[in-house]
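Report on the following structure.
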Amino acid sequence: MATILNIETATAVCSVALSKNGKIIAMQESISPNVHAEKLAVFINVLMEQAALPCSALDAIAIGTGPGSYTGLRIGTSTAKGLCYALDKPLIAVPTLKAMALASAAKMQRKGIYYCSMIDARRLEVYTALYDFEGKEVIPVEAKILDKYSFADILNESEIAFAGDGMPKMKNLSSPDDVHRIWLDDIYASAKNMIPLSEEAFMQKQFADVAYYEPFYLKDFVAGKKI
């Protein structure tokens, strides 16, 4: 059993959740874009004050690994690693897409279908992966350009529940009468979804190497060029 600070910054959402024994006890979150650098440290301080705990009472720091926003992942990772160094606490790496899929499965409570997490990338591209009810990876994480035939082979045999801020792209390409597609509008990359995985990792002592840990960028960063 552990007290864990969960940090998720892979998308436009800046999210921090404090958990104890696998249960959420406090949370701070903003859906406004480009506030990670401004809000993250403030959110952490507020959480610890709400819980009336010093940071030294934490047993571990968990970070969402992505893929997603290069800047968001970099800010979240540097903050998490800084806390680990300062407090001498272990680092837990939680796959963002898997955490979303398990949240979708918990909401649906349906075995025998698949859960597809999608994080928005550019244009019709998403970062995505497909999981079963237990969180087993069926299709590995990839950067995928969507079209109306995406996942057609699986959809011919089974339903898929789609979630995440990239999900509307898939929805816009789909026929309204396609009953094999389920749209979950309220599941996104959030620190609260990390809690089951971070608690499990702590109990199994599955820690990342603080010195060498890097987020899962998936694609190389491409800076925009001012004209």
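Ligands are numbered from 1 in the order shown, residues from 1 within each chain, and chains are lettered A, B, ... in the order they appear in the structure tokens.
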
**Q.** Those of stretch 29-222 of chain A in DSSP strand (DSSP E), formatted as a ChimeraX atom specification
**A.** /A:29-30,60-64,91-94,114-120,125-131,137-145,160-163,181-184

Q: Would you list, as an MDAnalysis selection string, the residues of stretch 79-165 of chain A that end up in helix (DSSP H, G or I) under DSSP run on this structure's backbone?
A: chainID A and resid 79:87 96:108 152:155

(Q) Quick one: residues within 7 Å of A:Glu125, only C-alpha atoms, excluding same-chain residues fewer than 2 positions away - as JSON, numbers by chain? (A) {"A": [120, 121, 122, 123, 143, 144, 145, 146]}

Contacts of A:Arg74 at 9 Å or less, counting only C-alpha atoms, minus same-chain residues fewer than 5 places along, as a CSV table (one decimal) with N, CA and C atoms, in the first residue's frame?
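Saved result, out03.csv, follows:
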```
chain,number,residue,atom,x,y,z
A,9,THR,N,0.8,14.6,-18.2
A,9,THR,CA,0.9,15.8,-19.0
A,9,THR,C,1.1,15.5,-20.4
A,10,ALA,N,0.7,14.4,-20.9
A,10,ALA,CA,0.9,13.9,-22.3
A,10,ALA,C,0.1,14.7,-23.3
A,69,SER,N,2.1,15.1,-26.4
A,69,SER,CA,2.8,16.4,-26.6
A,69,SER,C,4.2,16.4,-26.1
A,79,THR,N,9.6,17.5,-13.9
A,79,THR,CA,9.1,17.7,-12.6
A,79,THR,C,9.1,16.4,-11.7
A,214,GLU,N,13.2,8.2,-19.9
A,214,GLU,CA,12.8,9.2,-20.9
A,214,GLU,C,11.3,8.9,-21.3
A,215,PRO,N,10.5,9.9,-21.5
A,215,PRO,CA,9.1,9.6,-21.9
A,215,PRO,C,9.0,9.0,-23.3
```

Q) Any idea what's packed within 9 Å of A:Met167, counting only C-alpha atoms, ignoring anything in its chain fewer than 3 positions away? Could you give it as number ranges by chain? A) A: 116-120, 126, 162-164, 170-172, 183-185

With N, CA, C and O atoms retained, write the just-selected residues as a CSV table (one decimal), in the first residue's frame.
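Just written: part-v7.csv:
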```
chain,number,residue,atom,x,y,z
A,116,CYS,N,-9.9,1.1,-27.5
A,116,CYS,CA,-8.9,1.8,-28.3
A,116,CYS,C,-8.8,3.2,-27.7
A,116,CYS,O,-9.7,4.0,-27.7
A,117,SER,N,-7.6,3.5,-27.3
A,117,SER,CA,-7.3,4.9,-26.8
A,117,SER,C,-6.6,5.7,-27.9
A,117,SER,O,-5.8,5.1,-28.6
A,118,MET,N,-7.0,6.9,-28.0
A,118,MET,CA,-6.5,7.8,-29.0
A,118,MET,C,-6.1,9.1,-28.5
A,118,MET,O,-6.9,9.8,-27.8
A,119,ILE,N,-4.8,9.5,-28.8
A,119,ILE,CA,-4.4,10.9,-28.4
A,119,ILE,C,-4.2,11.7,-29.7
A,119,ILE,O,-3.5,11.2,-30.7
A,120,ASP,N,-4.7,12.9,-29.7
A,120,ASP,CA,-4.7,13.7,-30.9
A,120,ASP,C,-3.2,14.0,-31.3
A,120,ASP,O,-2.4,14.4,-30.5
A,126,VAL,N,-3.3,10.1,-35.2
A,126,VAL,CA,-3.5,9.9,-33.7
A,126,VAL,C,-2.4,9.0,-33.2
A,126,VAL,O,-1.8,8.2,-34.0
A,162,PHE,N,-14.0,3.5,-28.4
A,162,PHE,CA,-12.9,4.5,-28.7
A,162,PHE,C,-13.0,5.6,-27.6
A,162,PHE,O,-14.1,6.0,-27.3
A,163,ALA,N,-11.8,6.1,-27.2
A,163,ALA,CA,-11.8,7.1,-26.2
A,163,ALA,C,-10.5,8.0,-26.4
A,163,ALA,O,-9.6,7.6,-27.0
A,164,GLY,N,-10.5,9.2,-25.8
A,164,GLY,CA,-9.4,10.1,-25.9
A,164,GLY,C,-9.7,11.3,-26.7
A,164,GLY,O,-10.6,11.4,-27.5
A,170,MET,N,-11.8,9.8,-35.4
A,170,MET,CA,-12.4,8.5,-35.9
A,170,MET,C,-13.9,8.6,-36.0
A,170,MET,O,-14.5,8.1,-37.0
A,171,LYS,N,-14.5,9.3,-35.1
A,171,LYS,CA,-16.0,9.4,-35.1
A,171,LYS,C,-16.5,10.1,-36.4
A,171,LYS,O,-17.5,9.7,-37.0
A,172,ASN,N,-15.7,11.2,-36.7
A,172,ASN,CA,-16.1,11.9,-37.9
A,172,ASN,C,-16.0,11.2,-39.2
A,172,ASN,O,-16.6,11.5,-40.2
A,183,TRP,N,-18.5,5.2,-28.7
A,183,TRP,CA,-17.8,6.4,-28.4
A,183,TRP,C,-17.9,6.8,-27.0
A,183,TRP,O,-19.0,7.0,-26.5
A,184,LEU,N,-16.7,6.9,-26.3
A,184,LEU,CA,-16.7,7.3,-24.9
A,184,LEU,C,-16.1,8.7,-24.8
A,184,LEU,O,-14.9,9.0,-25.0
A,185,ASP,N,-17.0,9.7,-24.6
A,185,ASP,CA,-16.6,11.1,-24.6
A,185,ASP,C,-15.9,11.6,-23.3
A,185,ASP,O,-15.3,12.7,-23.3
```

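With only C-alpha atoms as the atoms that count, the minimum distance from A:Arg110 to the choices A:Glu38, A:Asp132, A:Glu29, A:Glu49 is reached by A:Asp132.
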
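For the set A:Pro90, A:Pro140, A:Pro176, A:Gly82, the residue with the smallest atom-to-atom gap to A:Phe202 is A:Pro90, counting only C-alpha atoms.
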
Q: Could you give me, as a list in words, the residues within 10 Å of A:Pro33, counting only C-alpha atoms and dropping anything in the same chain fewer than 4 positions from it?
A: Thr11, Ala12, Val13, Cys14 and Gly72 of chain A

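Distances from A:Ala201, A:Ile195, A:Val46, A:Ile187 to A:Ile24 were compared using only C-alpha atoms, and the smallest one belongs to A:Ile195.
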
Q: Tell me, as a list in words, which residues lie within 9 Å of A:Ile7, counting only C-alpha atoms; anything in the same chain fewer than 2 positions away does not count.
A: Leu5, Thr9, Cys14, Ser15, Val16, Ala17, Leu18, Leu40, Ile44, Ile61, Ala62, Ile63, Gly64, Gly76, Thr77, Thr79, Ala80, Ser190, Ala191, Lys192 and Met194 of chain A

Q | Residue nearest A:Thr3 - candidates A:Lys107, A:Lys89, A:Lys136, A:Lys98, atoms counted: only C-alpha atoms | A | A:Lys89

Q: State, in Å with one decimal place, the distance from atom CA of A:Ala60 to atom CA of A:Glu134.
A: 24.2 Å

Q) Which residue out of A:Ser174, A:Ala129, A:Met27, A:Ile92 has the minimum interatomic distance to A:Asp147 when only C-alpha atoms are used? A)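 Nearest candidate to A:Asp147 out of A:Ser174, A:Ala129, A:Met27, A:Ile92: A:Ser174.
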
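In terms of minimum interatomic distance to A:Gly135, A:Ala101 ranks closest within A:Val35, A:Ala101, A:Cys84, A:Ala161, counting only C-alpha atoms.
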